[in-house]
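Visitor: PDB, C-alpha atoms and all ligand atoms, saved as coords_29.pdb, coming up:
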```pdb
ATOM      1  CA  MET A  30      16.816 -17.559  -0.563
ATOM      2  CA  SER A  31      16.920 -14.599   1.761
ATOM      3  CA  GLY A  32      14.094 -13.210   3.878
ATOM      4  CA  THR A  33      10.410 -12.555   3.516
ATOM      5  CA  LEU A  34       8.639  -9.308   2.637
ATOM      6  CA  VAL A  35       4.907  -9.037   3.308
ATOM      7  CA  LEU A  36       3.001  -6.069   1.861
ATOM      8  CA  VAL A  37      -0.580  -5.258   2.807
ATOM      9  CA  ARG A  38      -2.833  -2.327   1.910
ATOM     10  CA  HIS A  39      -4.832  -0.893   4.822
ATOM     11  CA  GLY A  40      -8.425  -1.994   5.291
ATOM     12  CA  GLN A  41     -11.307   0.122   3.974
ATOM     13  CA  SER A  42     -11.147   3.661   5.342
ATOM     14  CA  ASP A  43     -14.044   6.000   6.064
ATOM     15  CA  TRP A  44     -13.162   8.019   2.956
ATOM     16  CA  ASN A  45     -12.858   4.845   0.847
ATOM     17  CA  LEU A  46     -16.436   4.087   1.910
ATOM     18  CA  LYS A  47     -17.523   7.626   0.995
ATOM     19  CA  ASN A  48     -15.686   7.314  -2.361
ATOM     20  CA  LEU A  49     -13.509  10.350  -1.628
ATOM     21  CA  PHE A  50      -9.944  10.886  -2.834
ATOM     22  CA  THR A  51      -7.861  10.551   0.328
ATOM     23  CA  GLY A  52      -4.121  10.847  -0.265
ATOM     24  CA  TRP A  53      -2.464  12.424   2.798
ATOM     25  CA  LYS A  54      -5.757  13.095   4.608
ATOM     26  CA  ASP A  55      -6.062  10.944   7.675
ATOM     27  CA  PRO A  56      -9.386   9.071   8.121
ATOM     28  CA  ASP A  57      -9.483   5.882  10.168
ATOM     29  CA  LEU A  58     -10.811   2.452   9.232
ATOM     30  CA  THR A  59     -14.501   1.616   8.884
ATOM     31  CA  GLU A  60     -15.998  -1.431  10.601
ATOM     32  CA  LEU A  61     -15.486  -3.307   7.319
ATOM     33  CA  GLY A  62     -11.906  -2.070   7.212
ATOM     34  CA  ILE A  63     -11.341  -3.460  10.704
ATOM     35  CA  GLN A  64     -12.797  -6.804   9.579
ATOM     36  CA  GLU A  65     -10.530  -6.779   6.507
ATOM     37  CA  ALA A  66      -7.436  -6.092   8.608
ATOM     38  CA  ASN A  67      -8.394  -8.878  10.999
ATOM     39  CA  ALA A  68      -8.948 -11.242   8.057
ATOM     40  CA  GLY A  69      -5.524 -10.374   6.664
ATOM     41  CA  GLY A  70      -3.996 -10.998  10.070
ATOM     42  CA  ALA A  71      -5.793 -14.334  10.364
ATOM     43  CA  ALA A  72      -4.491 -15.366   6.942
ATOM     44  CA  LEU A  73      -0.933 -14.530   8.047
ATOM     45  CA  ALA A  74      -1.460 -16.440  11.309
ATOM     46  CA  ASP A  75      -2.654 -19.464   9.309
ATOM     47  CA  TYR A  76       0.370 -19.034   7.044
ATOM     48  CA  GLY A  77       2.427 -19.446  10.224
ATOM     49  CA  ILE A  78       4.720 -16.443   9.851
ATOM     50  CA  LYS A  79       6.433 -14.643  12.772
ATOM     51  CA  PHE A  80       7.781 -11.193  11.888
ATOM     52  CA  ASP A  81      11.069  -9.584  12.952
ATOM     53  CA  VAL A  82       9.964  -5.982  12.288
ATOM     54  CA  ALA A  83       7.066  -4.005  10.833
ATOM     55  CA  TYR A  84       6.878  -0.747   8.880
ATOM     56  CA  THR A  85       3.948   1.541   8.244
ATOM     57  CA  SER A  86       3.140   5.089   7.175
ATOM     58  CA  ALA A  87       2.381   8.220   9.180
ATOM     59  CA  LEU A  88      -1.343   7.778   8.505
ATOM     60  CA  VAL A  89      -3.731   6.176  10.975
ATOM     61  CA  ARG A  90      -5.569   3.859   8.537
ATOM     62  CA  ALA A  91      -2.315   1.995   7.851
ATOM     63  CA  GLN A  92      -1.148   2.113  11.500
ATOM     64  CA  HIS A  93      -4.487   0.748  12.701
ATOM     65  CA  THR A  94      -4.383  -2.028  10.091
ATOM     66  CA  LEU A  95      -0.892  -2.988  11.238
ATOM     67  CA  LYS A  96      -1.917  -3.128  14.895
ATOM     68  CA  LEU A  97      -4.860  -5.403  14.114
ATOM     69  CA  ILE A  98      -2.651  -7.711  12.028
ATOM     70  CA  LEU A  99       0.044  -7.901  14.707
ATOM     71  CA  ASP A 100      -2.603  -8.759  17.303
ATOM     72  CA  LYS A 101      -3.832 -11.586  15.069
ATOM     73  CA  VAL A 102      -0.360 -13.063  14.519
ATOM     74  CA  GLY A 103       0.342 -12.891  18.262
ATOM     75  CA  GLN A 104       3.018 -10.161  18.055
ATOM     76  CA  PRO A 105       1.301  -7.078  19.522
ATOM     77  CA  ASN A 106       4.600  -5.596  20.752
ATOM     78  CA  LEU A 107       6.661  -6.134  17.596
ATOM     79  CA  GLU A 108       9.159  -3.356  16.734
ATOM     80  CA  THR A 109       7.215  -0.985  14.454
ATOM     81  CA  ILE A 110       8.692   1.858  12.388
ATOM     82  CA  ARG A 111       6.444   4.617  11.035
ATOM     83  CA  ASP A 112       7.610   6.835   8.196
ATOM     84  CA  GLN A 113       5.821   9.238   5.892
ATOM     85  CA  ALA A 114       7.887   7.890   3.011
ATOM     86  CA  LEU A 115       5.285   5.097   2.970
ATOM     87  CA  ASN A 116       2.321   7.493   2.937
ATOM     88  CA  GLU A 117      -0.315   7.206   0.237
ATOM     89  CA  ARG A 118       0.230   9.230  -2.952
ATOM     90  CA  ASP A 119      -0.721  12.855  -2.340
ATOM     91  CA  TYR A 120      -3.907  13.452  -4.361
ATOM     92  CA  GLY A 121      -3.351  17.220  -4.173
ATOM     93  CA  ASP A 122      -6.370  19.280  -5.246
ATOM     94  CA  LEU A 123      -8.492  16.123  -5.633
ATOM     95  CA  SER A 124      -8.174  15.250  -1.923
ATOM     96  CA  GLY A 125     -11.634  15.253  -0.340
ATOM     97  CA  LEU A 126     -13.471  15.310  -3.686
ATOM     98  CA  ASN A 127     -15.949  12.548  -4.563
ATOM     99  CA  LYS A 128     -14.516  10.284  -7.266
ATOM    100  CA  ASP A 129     -17.797  10.163  -9.206
ATOM    101  CA  ASP A 130     -18.087  13.964  -9.082
ATOM    102  CA  ALA A 131     -14.516  14.147 -10.393
ATOM    103  CA  ARG A 132     -15.452  11.808 -13.270
ATOM    104  CA  ALA A 133     -18.470  13.974 -14.097
ATOM    105  CA  LYS A 134     -16.308  17.120 -14.053
ATOM    106  CA  TRP A 135     -13.148  15.927 -15.829
ATOM    107  CA  GLY A 136     -14.284  12.675 -17.521
ATOM    108  CA  GLU A 137     -13.801   8.967 -16.796
ATOM    109  CA  GLU A 138     -10.547   8.689 -18.773
ATOM    110  CA  GLN A 139      -8.844  11.666 -17.158
ATOM    111  CA  VAL A 140      -9.680  10.420 -13.641
ATOM    112  CA  HIS A 141      -8.436   6.916 -14.538
ATOM    113  CA  VAL A 142      -5.176   8.415 -15.781
ATOM    114  CA  TRP A 143      -4.754  10.444 -12.574
ATOM    115  CA  ARG A 144      -5.509   7.354 -10.418
ATOM    116  CA  ARG A 145      -3.602   4.627 -12.257
ATOM    117  CA  SER A 146      -1.032   6.034 -14.686
ATOM    118  CA  TYR A 147       2.696   6.035 -13.957
ATOM    119  CA  ASP A 148       3.773   9.593 -14.680
ATOM    120  CA  VAL A 149       0.686  11.844 -14.866
ATOM    121  CA  PRO A 150       0.055  13.569 -11.490
ATOM    122  CA  PRO A 151      -3.356  14.754 -10.292
ATOM    123  CA  PRO A 152      -3.498  18.570 -10.053
ATOM    124  CA  GLY A 153      -1.269  19.683  -7.173
ATOM    125  CA  GLY A 154      -0.479  16.072  -6.262
ATOM    126  CA  GLU A 155       1.960  13.214  -6.848
ATOM    127  CA  SER A 156       2.111  10.845  -9.821
ATOM    128  CA  LEU A 157       2.871   7.189  -9.120
ATOM    129  CA  ARG A 158       6.437   7.974 -10.244
ATOM    130  CA  ASP A 159       6.634  10.805  -7.679
ATOM    131  CA  THR A 160       5.307   8.436  -5.008
ATOM    132  CA  GLY A 161       7.854   5.793  -5.977
ATOM    133  CA  ALA A 162      10.606   8.409  -5.787
ATOM    134  CA  ARG A 163      10.106   8.447  -2.006
ATOM    135  CA  VAL A 164       8.905   4.859  -1.440
ATOM    136  CA  TRP A 165      11.603   3.030  -3.402
ATOM    137  CA  PRO A 166      14.645   4.751  -1.768
ATOM    138  CA  TYR A 167      13.115   4.105   1.647
ATOM    139  CA  TYR A 168      12.568   0.453   0.723
ATOM    140  CA  LEU A 169      16.131   0.132  -0.595
ATOM    141  CA  THR A 170      17.842   1.758   2.413
ATOM    142  CA  GLU A 171      15.619   0.717   5.336
ATOM    143  CA  ILE A 172      13.560  -2.366   4.449
ATOM    144  CA  LEU A 173      15.475  -4.402   1.856
ATOM    145  CA  PRO A 174      18.701  -4.777   3.920
ATOM    146  CA  ARG A 175      16.704  -6.460   6.695
ATOM    147  CA  VAL A 176      14.988  -8.812   4.240
ATOM    148  CA  LEU A 177      18.353  -9.706   2.683
ATOM    149  CA  ARG A 178      19.664 -10.518   6.180
ATOM    150  CA  GLY A 179      16.944 -13.158   6.341
ATOM    151  CA  GLU A 180      14.422 -11.210   8.396
ATOM    152  CA  LYS A 181      10.652 -11.418   7.975
ATOM    153  CA  VAL A 182       9.382  -7.888   7.381
ATOM    154  CA  LEU A 183       5.760  -6.666   7.324
ATOM    155  CA  VAL A 184       4.801  -3.427   5.556
ATOM    156  CA  ALA A 185       1.277  -2.042   6.059
ATOM    157  CA  ALA A 186       0.760   0.910   3.727
ATOM    158  CA  HIS A 187      -1.505   2.239   0.969
ATOM    159  CA  GLY A 188      -2.918   1.425  -2.418
ATOM    160  CA  ASN A 189      -0.579   3.617  -4.413
ATOM    161  CA  SER A 190       2.493   3.702  -2.202
ATOM    162  CA  LEU A 191       2.427  -0.109  -2.459
ATOM    163  CA  ARG A 192       1.618  -0.030  -6.212
ATOM    164  CA  SER A 193       4.869   1.911  -6.701
ATOM    165  CA  LEU A 194       6.733  -0.934  -4.955
ATOM    166  CA  VAL A 195       4.826  -3.837  -6.531
ATOM    167  CA  MET A 196       5.388  -2.307  -9.975
ATOM    168  CA  VAL A 197       9.140  -2.780  -9.547
ATOM    169  CA  LEU A 198       9.029  -6.108  -7.702
ATOM    170  CA  ASP A 199       6.671  -7.599 -10.320
ATOM    171  CA  LYS A 200       8.569  -5.928 -13.195
ATOM    172  CA  LEU A 201       5.469  -4.170 -14.533
ATOM    173  CA  SER A 202       5.772  -1.676 -17.392
ATOM    174  CA  LYS A 203       4.289   1.816 -17.418
ATOM    175  CA  GLU A 204       1.418   0.271 -19.386
ATOM    176  CA  GLY A 205       1.165  -2.805 -17.144
ATOM    177  CA  VAL A 206       0.831  -0.781 -13.942
ATOM    178  CA  LEU A 207      -2.337   0.867 -15.290
ATOM    179  CA  ALA A 208      -4.192  -2.366 -14.558
ATOM    180  CA  LEU A 209      -2.628  -2.939 -11.116
ATOM    181  CA  ASN A 210      -5.070  -2.598  -8.223
ATOM    182  CA  LEU A 211      -4.478  -3.797  -4.654
ATOM    183  CA  ALA A 212      -7.373  -5.055  -2.546
ATOM    184  CA  THR A 213      -7.690  -3.734   1.000
ATOM    185  CA  GLY A 214      -6.339  -6.009   3.718
ATOM    186  CA  VAL A 215      -5.025  -8.785   1.429
ATOM    187  CA  PRO A 216      -1.400  -9.744   2.292
ATOM    188  CA  MET A 217       1.141 -10.307  -0.488
ATOM    189  CA  VAL A 218       3.996 -12.584   0.634
ATOM    190  CA  TYR A 219       7.256 -12.130  -1.303
ATOM    191  CA  LYS A 220      10.308 -14.373  -0.875
ATOM    192  CA  LEU A 221      13.428 -12.648  -2.245
ATOM    193  CA  ASN A 222      16.607 -14.048  -3.751
ATOM    194  CA  ALA A 223      20.037 -13.046  -2.446
ATOM    195  CA  ASP A 224      20.231 -10.491  -5.271
ATOM    196  CA  SER A 225      16.926  -8.912  -4.095
ATOM    197  CA  THR A 226      14.928 -10.222  -7.052
ATOM    198  CA  VAL A 227      11.640 -11.967  -6.355
ATOM    199  CA  ALA A 228      11.888 -15.747  -5.857
ATOM    200  CA  SER A 229       8.167 -16.215  -5.187
ATOM    201  CA  LYS A 230       4.955 -14.271  -4.520
ATOM    202  CA  GLU A 231       1.853 -15.572  -2.746
ATOM    203  CA  VAL A 232      -1.364 -13.581  -2.361
ATOM    204  CA  LEU A 233      -3.243 -14.620   0.798
ATOM    205  CA  GLY A 234      -6.747 -13.729  -0.272
ATOM    206  CA  ASP A 235      -8.872 -12.429  -3.137
ATOM    207  CA  MET A 236      -7.164  -9.624  -5.048
ATOM    208  CA  SER A 237      -9.735  -9.760  -7.849
ATOM    209  CA  GLY A 238     -12.080  -7.387  -6.038
ATOM    210  CA  ALA A 239      -9.546  -4.566  -6.104
ATOM    211  CA  HIS A 240     -10.543  -1.492  -8.138
TER     212      HIS A 240
HETATM  213  O1  LIG B 301      -6.039   7.917  -1.520
HETATM  214  C1  LIG B 301      -7.098   7.382  -1.856
HETATM  215  O2  LIG B 301      -8.117   7.955  -2.297
HETATM  216  C2  LIG B 301      -7.179   5.873  -1.798
HETATM  217  O3  LIG B 301      -6.465   5.386  -0.738
HETATM  218  C3  LIG B 301      -6.620   5.312  -3.075
HETATM  219  O4  LIG B 301      -7.326   5.934  -4.051
HETATM  220  P1  LIG B 301      -7.292   5.360  -5.534
HETATM  221  O5  LIG B 301      -7.611   3.889  -5.441
HETATM  222  O6  LIG B 301      -8.343   6.173  -6.210
HETATM  223  O7  LIG B 301      -5.896   5.607  -6.043
END
```
Transcribe the structure of this file into structure tokens.

Guide:
Amino acid sequence: MSGTLVLVRHGQSDWNLKNLFTGWKDPDLTELGIQEANAGGAALADYGIKFDVAYTSALVRAQHTLKLILDKVGQPNLETIRDQALNERDYGDLSGLNKDDARAKWGEEQVHVWRRSYDVPPPGGESLRDTGARVWPYYLTEILPRVLRGEKVLVAAHGNSLRSLVMVLDKLSKEGVLALNLATGVPMVYKLNADSTVASKEVLGDMSGAH
């Protein structure tokens, strides 16, 4: 057994609440999002984990979530690395549009394909494959070596940047990833084998509400 990798999607953002495509836009957390981040931190505190390092994106909703979690686990000054490689998928021309308006304009199926498929990008944006093409190399070169050295690593990021990682860790197919949704603020605790494969996965909360 090597180290521990904890992945958590940011809490609800202001644009999540307004049902707007967000991508690389930079809204902060709502009051509910703050509560969700605190709940995720409390679950990790109850789990009894102490982290060696934390990673997050260049976007404030993930950075704020991370700060709240670190406060809850009693590590407010933990080494934290921010990198845009962990940013949410770029939603391109859809950024800022209401998701229901988009469904009315382009149809339910087309919007679902843009949001959840593996290799179909939204107009002017990134597909999940495009997102993974920046997330996975960053994970391999920066994060995984520290986990394999036995460190406990926390990553606070986004629904789709984390879906691109979870897809590989959980060995999901292109078809399987269509149904993968990550709830806001719910930590996923991975223990890895020496060969970087997943030894165990624990979800510290209710992932069923994810959509
Ligand atoms: O970027 C966004 O709009 C959200 O963070 C994720 O959106 P999605 O769940 O529609 O992919």

Visitor: Do you have, as a tab-separated table, the list of residues of chain A lying at most 7 Å from ligand LIG 301 (chain B), each with its nearest atom pair and that distance in Å to one decimal, counting only C-alpha atoms and all ligand atoms and ordered by chain then number?

Guide:
```
residue	atom	partner	partner_atom	distance
A:Asn45	CA	B:LIG301	C2	6.3
A:Leu49	CA	B:LIG301	O2	5.9
A:Phe50	CA	B:LIG301	O2	3.5
A:Thr51	CA	B:LIG301	O1	3.7
A:Gly52	CA	B:LIG301	O1	3.7
A:Glu117	CA	B:LIG301	O1	6.0
A:Arg118	CA	B:LIG301	O1	6.6
A:Tyr120	CA	B:LIG301	O1	6.6
A:Arg144	CA	B:LIG301	O7	4.7
A:Arg145	CA	B:LIG301	O7	6.7
A:His187	CA	B:LIG301	O3	6.1
A:Gly188	CA	B:LIG301	C3	5.4
A:Asn189	CA	B:LIG301	O7	5.9
A:His240	CA	B:LIG301	O5	6.7
```

Visitor: Can I get the selection written as a PDB file, in the frame of the given file, with C-alpha atoms?

Guide:
```pdb
ATOM      1  CA  ASN A  45     -12.858   4.845   0.847  1.00  0.00           C
ATOM      2  CA  LEU A  49     -13.509  10.350  -1.628  1.00  0.00           C
ATOM      3  CA  PHE A  50      -9.944  10.886  -2.834  1.00  0.00           C
ATOM      4  CA  THR A  51      -7.861  10.551   0.328  1.00  0.00           C
ATOM      5  CA  GLY A  52      -4.121  10.847  -0.265  1.00  0.00           C
ATOM      6  CA  GLU A 117      -0.315   7.206   0.237  1.00  0.00           C
ATOM      7  CA  ARG A 118       0.230   9.230  -2.952  1.00  0.00           C
ATOM      8  CA  TYR A 120      -3.907  13.452  -4.361  1.00  0.00           C
ATOM      9  CA  ARG A 144      -5.509   7.354 -10.418  1.00  0.00           C
ATOM     10  CA  ARG A 145      -3.602   4.627 -12.257  1.00  0.00           C
ATOM     11  CA  HIS A 187      -1.505   2.239   0.969  1.00  0.00           C
ATOM     12  CA  GLY A 188      -2.918   1.425  -2.418  1.00  0.00           C
ATOM     13  CA  ASN A 189      -0.579   3.617  -4.413  1.00  0.00           C
ATOM     14  CA  HIS A 240     -10.543  -1.492  -8.138  1.00  0.00           C
TER      15      HIS A 240
END
```

Visitor: Mind pulling up the distance from atom CA of Leu169 of chain A to atom CA of Asp55 of chain A?

Guide: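 Distance reported for this atom pair: 26.0 Å.
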
Visitor: Compare A:Ser86, A:Thr94, A:Ser156, A:Ser190 by their minimum atom-to-atom distance to Gly69 of chain A, counting all atoms listed in the file, and give me the closest one.

Guide: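 When distances to Gly69 of chain A are compared using all atoms listed in the file, the smallest one comes from A:Thr94.
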
Visitor: Suppose a student applies the PyMOL selection byres (((chain A and resi 80) around 10) and not hetatm) to this structure; what residues should they get, written as number ranges by chain?

Guide: A: 33-35, 77-79, 81-83, 99, 102-104, 107-108, 180-183

Visitor: Apply the PyMOL selection byres (((chain A and resi 173) around 12) and not hetatm) to the displayed file and report the matching residues as an NGL selection string.

Guide: :A and (31-35 or 82 or 84 or 164-172 or 174-184 or 194 or 198 or 219-227)

Visitor: Go ahead and save the residues from that selection, with C-alpha atoms, as a short mmCIF file (atom, residue, chain, number, x, y, z; two decimals), in the frame of the given file.

Guide:
```
data_model
loop_
_atom_site.label_atom_id
_atom_site.label_comp_id
_atom_site.auth_asym_id
_atom_site.auth_seq_id
_atom_site.Cartn_x
_atom_site.Cartn_y
_atom_site.Cartn_z
CA SER A 31 16.92 -14.60 1.76
CA GLY A 32 14.09 -13.21 3.88
CA THR A 33 10.41 -12.56 3.52
CA LEU A 34 8.64 -9.31 2.64
CA VAL A 35 4.91 -9.04 3.31
CA VAL A 82 9.96 -5.98 12.29
CA TYR A 84 6.88 -0.75 8.88
CA VAL A 164 8.90 4.86 -1.44
CA TRP A 165 11.60 3.03 -3.40
CA PRO A 166 14.64 4.75 -1.77
CA TYR A 167 13.12 4.11 1.65
CA TYR A 168 12.57 0.45 0.72
CA LEU A 169 16.13 0.13 -0.60
CA THR A 170 17.84 1.76 2.41
CA GLU A 171 15.62 0.72 5.34
CA ILE A 172 13.56 -2.37 4.45
CA PRO A 174 18.70 -4.78 3.92
CA ARG A 175 16.70 -6.46 6.70
CA VAL A 176 14.99 -8.81 4.24
CA LEU A 177 18.35 -9.71 2.68
CA ARG A 178 19.66 -10.52 6.18
CA GLY A 179 16.94 -13.16 6.34
CA GLU A 180 14.42 -11.21 8.40
CA LYS A 181 10.65 -11.42 7.98
CA VAL A 182 9.38 -7.89 7.38
CA LEU A 183 5.76 -6.67 7.32
CA VAL A 184 4.80 -3.43 5.56
CA LEU A 194 6.73 -0.93 -4.96
CA LEU A 198 9.03 -6.11 -7.70
CA TYR A 219 7.26 -12.13 -1.30
CA LYS A 220 10.31 -14.37 -0.88
CA LEU A 221 13.43 -12.65 -2.24
CA ASN A 222 16.61 -14.05 -3.75
CA ALA A 223 20.04 -13.05 -2.45
CA ASP A 224 20.23 -10.49 -5.27
CA SER A 225 16.93 -8.91 -4.10
CA THR A 226 14.93 -10.22 -7.05
CA VAL A 227 11.64 -11.97 -6.36
#
```

Visitor: With all atoms listed in the file as the basis for distance, which of A:Asp119, A:Glu65, A:Asp159, A:Asp75 is at the shortest distance from Arg38 of chain A?

Guide: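 So, comparing all the options, the nearest one is A:Glu65.
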
Visitor: My list of candidates is A:Ala185, A:Ala162, A:Pro150, A:Lys54. Which is closest to Ile110 of chain A when distances are computed with only C-alpha atoms?

Guide: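 Distance minimum relative to Ile110 of chain A lands on A:Ala185.
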
Visitor: Report, in Å to a single decimal, how far apart atom CA of Ala239 of chain A and atom CA of Leu61 of chain A are.

Guide: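 According to the coordinates, atom CA of Leu61 of chain A and atom CA of Ala239 of chain A are separated by 14.7 Å.
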
Visitor: Name the residues that the PyMOL selection byres (((chain A and resi 88-91) around 10) and not hetatm) pulls out of this structure, and write them as a tab-separated table (two decimals) with C-alpha atoms, in the frame of the given file.

Guide:
```tsv
chain	number	residue	atom	x	y	z
A	37	VAL	CA	-0.58	-5.26	2.81
A	38	ARG	CA	-2.83	-2.33	1.91
A	39	HIS	CA	-4.83	-0.89	4.82
A	40	GLY	CA	-8.43	-1.99	5.29
A	41	GLN	CA	-11.31	0.12	3.97
A	42	SER	CA	-11.15	3.66	5.34
A	43	ASP	CA	-14.04	6.00	6.06
A	52	GLY	CA	-4.12	10.85	-0.26
A	53	TRP	CA	-2.46	12.42	2.80
A	54	LYS	CA	-5.76	13.10	4.61
A	55	ASP	CA	-6.06	10.94	7.68
A	56	PRO	CA	-9.39	9.07	8.12
A	57	ASP	CA	-9.48	5.88	10.17
A	58	LEU	CA	-10.81	2.45	9.23
A	59	THR	CA	-14.50	1.62	8.88
A	62	GLY	CA	-11.91	-2.07	7.21
A	63	ILE	CA	-11.34	-3.46	10.70
A	66	ALA	CA	-7.44	-6.09	8.61
A	84	TYR	CA	6.88	-0.75	8.88
A	85	THR	CA	3.95	1.54	8.24
A	86	SER	CA	3.14	5.09	7.18
A	87	ALA	CA	2.38	8.22	9.18
A	92	GLN	CA	-1.15	2.11	11.50
A	93	HIS	CA	-4.49	0.75	12.70
A	94	THR	CA	-4.38	-2.03	10.09
A	95	LEU	CA	-0.89	-2.99	11.24
A	96	LYS	CA	-1.92	-3.13	14.90
A	111	ARG	CA	6.44	4.62	11.04
A	112	ASP	CA	7.61	6.84	8.20
A	113	GLN	CA	5.82	9.24	5.89
A	115	LEU	CA	5.28	5.10	2.97
A	116	ASN	CA	2.32	7.49	2.94
A	117	GLU	CA	-0.32	7.21	0.24
A	184	VAL	CA	4.80	-3.43	5.56
A	185	ALA	CA	1.28	-2.04	6.06
A	186	ALA	CA	0.76	0.91	3.73
A	187	HIS	CA	-1.50	2.24	0.97
A	214	GLY	CA	-6.34	-6.01	3.72
```

Visitor: State, in Å with one decimal place, the distance from atom CA of Asp235 of chain A to atom CA of Val195 of chain A.

Guide: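 Interatomic distance, atom CA of Asp235 of chain A to atom CA of Val195 of chain A: 16.5 Å.
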
Visitor: May I have the residues within 12 Å of segment 130-141 of chain A as a count of residues only, using all atoms listed in the file and disregarding those fewer than 4 positions away in the same chain?

Guide: 22

Visitor: Hey, which of A:Leu201, A:Ala114, A:Ala228, A:Val215 ends up closest to Asn67 of chain A? Count all atoms listed in the file.

Guide: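 For Asn67 of chain A, the nearest of the candidates is A:Val215.
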
Visitor: Pick the closest to Ser229 of chain A from A:Ala212, A:Gly121, A:Leu191, A:Asp199: which is it, counting all atoms listed in the file?

Guide: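 Ranked by minimum distance to Ser229 of chain A, first place goes to A:Asp199.
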